[in-house]
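Structure first, then comments.
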Amino acid sequence: MRYNYIAIEGNIGAGKTSLATMISEQFNGKLILEQFEDNSFLPKFYKEPDKYAFPLEMSFLAERYQQLKDQLTKQDLFRTFTISDYLFIKSLIFAKNNLQADEFALFSTMFTIIDEFLPKPDLLVYLYLDVRGLQRNIKNRGRSYEQEIQDTYLENIQNGYFDHIRKMNNTRVLIIDTNNIDFVENAGDYESILSLIDKDHSPGIHRFTL
């Protein structure tokens, strides 16, 4: 891999974990996966979002920060690069969608304080999949607490990502439209994504449709 630290991002069900895992296994990368399934607030949030949104987002903020801080500052002599299936900024994106205005103001202050202490990726890869495709993947993976996620929620999260990506002028960002490919089942599609990732990209936003 050309880059030392790559972050894979996307909406719920976009295939972030699958792609990050495949790349790490093929190229001997250090893999950082978000441990969201251990968060006890998550199932509660999907049932009662107004009640559990703030503790959920604060717990995610703390967990993501601690994991990235530990993993990104720890050298691994046997791994050639690091790849994660999330970017710390996702905490702000989801919080803005889920919290009330006063809660988000407090959350945003906390985020800004700790964000500056984390290393930034050399390359951000955003996997774009439309809502229909996201819902298909969510259904297929069968997590019970995700089955009632509404289309409007996914649309809001997607728009939140795009709003932040537009501001990332100093970061190498690849937006890859994956609506017409299946990189998990089709080796050719996977290789197409790899070829995009391993190019020498300049800082800024680069969009690709496969």
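We name chains A, B, ... following the order of the structure tokens; residues begin at 1 in each chain, and ligands are numbered from 1 as shown.
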Discussion item. Applying 10 Å and only C-alpha atoms, which residues near range 61-78 of chain A remain after dropping the ones on its own chain fewer than 2 positions away? List them as a VMD selection string.
Written reply: chain A and resid 5 28 to 36 39 55 to 59 80 to 84 86 to 92 95 107 110 to 111 114 to 115 117 to 120
Discussion item. Please list as a list in words every residue within 12 Å of Lys167 in chain A, counting only C-alpha atoms and excluding residues in the same chain fewer than 6 positions away.
Written reply: Ile89, Gly160, Tyr161, Val173, Pro203, Gly204 and Ile205 of chain A
Print the selection's residues with N, CA and C atoms to a file, as a PDB file, in the first residue's frame.
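The file below, again.pdb, is the result:
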```pdb
ATOM      1  N   ILE A  89     -14.376  11.525  12.654  1.00  0.00           N
ATOM      2  CA  ILE A  89     -15.377  12.548  12.348  1.00  0.00           C
ATOM      3  C   ILE A  89     -16.782  11.976  12.321  1.00  0.00           C
ATOM      4  N   GLY A 160     -24.959  14.123   5.851  1.00  0.00           N
ATOM      5  CA  GLY A 160     -24.003  14.606   6.847  1.00  0.00           C
ATOM      6  C   GLY A 160     -22.573  14.311   6.464  1.00  0.00           C
ATOM      7  N   TYR A 161     -22.343  13.105   5.954  1.00  0.00           N
ATOM      8  CA  TYR A 161     -20.996  12.765   5.477  1.00  0.00           C
ATOM      9  C   TYR A 161     -20.568  13.698   4.345  1.00  0.00           C
ATOM     10  N   VAL A 173      -9.294  12.407  -0.489  1.00  0.00           N
ATOM     11  CA  VAL A 173     -10.595  11.747  -0.324  1.00  0.00           C
ATOM     12  C   VAL A 173     -11.000  11.092  -1.640  1.00  0.00           C
ATOM     13  N   PRO A 203      -4.139  15.963  -2.555  1.00  0.00           N
ATOM     14  CA  PRO A 203      -5.169  16.359  -1.594  1.00  0.00           C
ATOM     15  C   PRO A 203      -6.383  16.935  -2.315  1.00  0.00           C
ATOM     16  N   GLY A 204      -7.556  16.607  -1.809  1.00  0.00           N
ATOM     17  CA  GLY A 204      -8.798  17.052  -2.427  1.00  0.00           C
ATOM     18  C   GLY A 204      -9.737  15.883  -2.622  1.00  0.00           C
ATOM     19  N   ILE A 205     -10.887  16.147  -3.213  1.00  0.00           N
ATOM     20  CA  ILE A 205     -11.930  15.142  -3.385  1.00  0.00           C
ATOM     21  C   ILE A 205     -11.873  14.582  -4.797  1.00  0.00           C
TER      22      ILE A 205
END
```
Discussion item. Between CA of Glu148 in chain A and CA of Ala7 in chain A, what distance in Å does the model show, to one decimal?
Written reply: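 Straight-line distance from CA of Glu148 in chain A to CA of Ala7 in chain A works out to 27.7 Å.
The coordinates place CA of Phe162 in chain A at 10.0 Å from CA of Gly10 in chain A.
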Discussion item. Counting only C-alpha atoms, which residue out of A:Leu210, A:Ala20, A:Tyr145, A:Ile113 sits closest to Asp189 in chain A?
Written reply: A:Leu210
Discussion item. Please list as a list in words every residue within 12 Å of Glu155 in chain A, counting only C-alpha atoms and excluding residues in the same chain fewer than 4 positions away.
Written reply: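 Listed by chain and then number, they are Gly10, Asn11, Ile12, Phe94, Asn97, Tyr128, Leu129, Asp130, Val131, Arg132, Leu134, Gln135, Ile149, Gln150, Asp151, Asn159, Gly160, Tyr161 and Phe162 of chain A.
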Could you save the residues just selected, with C-alpha atoms, as a tab-separated table (two decimals), in the first residue's frame?
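The new file part-v6.tsv reads:
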```tsv
chain	number	residue	atom	x	y	z
A	10	GLY	CA	-19.55	5.10	4.40
A	11	ASN	CA	-23.11	4.93	5.60
A	12	ILE	CA	-24.59	2.08	7.65
A	94	PHE	CA	-24.07	10.96	13.77
A	97	ASN	CA	-28.29	13.95	13.26
A	128	TYR	CA	-21.19	5.52	-1.69
A	129	LEU	CA	-24.23	3.26	-1.86
A	130	ASP	CA	-27.80	4.47	-2.34
A	131	VAL	CA	-30.43	3.91	0.33
A	132	ARG	CA	-31.94	0.89	-1.42
A	134	LEU	CA	-27.91	0.10	2.17
A	135	GLN	CA	-31.24	-1.35	3.26
A	149	ILE	CA	-33.85	1.92	10.41
A	150	GLN	CA	-35.82	4.29	8.20
A	151	ASP	CA	-34.77	5.52	4.76
A	159	ASN	CA	-25.92	14.02	3.63
A	160	GLY	CA	-24.00	14.61	6.85
A	161	TYR	CA	-21.00	12.76	5.48
A	162	PHE	CA	-21.10	14.75	2.24
```
Practice prompt. Identify all residues of chain A in helix (DSSP H, G or I) (DSSP on the backbone) and supply them as an MDAnalysis selection string.
Written response: chainID A and resid 16:27 36:38 41:47 49:72 90:98 101:115 131:141 144:146 151:165 187:197
Excluding Tyr190 in chain A and any residue of its chain fewer than 4 positions from it, enumerate the residues within 12 Å of it, using only C-alpha atoms, and give them as a tab-separated table (two decimals) with C-alpha atoms, in the first residue's frame.
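Result saved to out31.tsv:
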```tsv
chain	number	residue	atom	x	y	z
A	15	GLY	CA	-19.41	-2.34	3.25
A	18	SER	CA	-15.70	-5.89	4.59
A	19	LEU	CA	-13.38	-3.78	2.43
A	20	ALA	CA	-11.04	-2.81	5.27
A	22	MET	CA	-10.08	-7.70	2.80
A	23	ILE	CA	-7.35	-5.13	2.22
A	26	GLN	CA	-4.17	-9.18	1.47
A	176	ILE	CA	-16.34	5.53	-4.90
A	178	THR	CA	-20.39	1.11	-5.51
A	181	ILE	CA	-20.47	-3.49	-8.25
A	182	ASP	CA	-20.04	-6.20	-5.62
A	183	PHE	CA	-16.46	-6.11	-4.36
A	184	VAL	CA	-17.10	-8.88	-1.80
A	185	GLU	CA	-18.27	-11.48	-4.31
A	186	ASN	CA	-16.58	-10.25	-7.49
A	194	LEU	CA	-7.66	-1.48	-5.08
A	195	SER	CA	-6.28	0.15	-8.21
A	196	LEU	CA	-8.00	3.41	-7.26
A	197	ILE	CA	-6.77	3.30	-3.68
A	210	LEU	CA	-17.20	1.71	-11.17
```
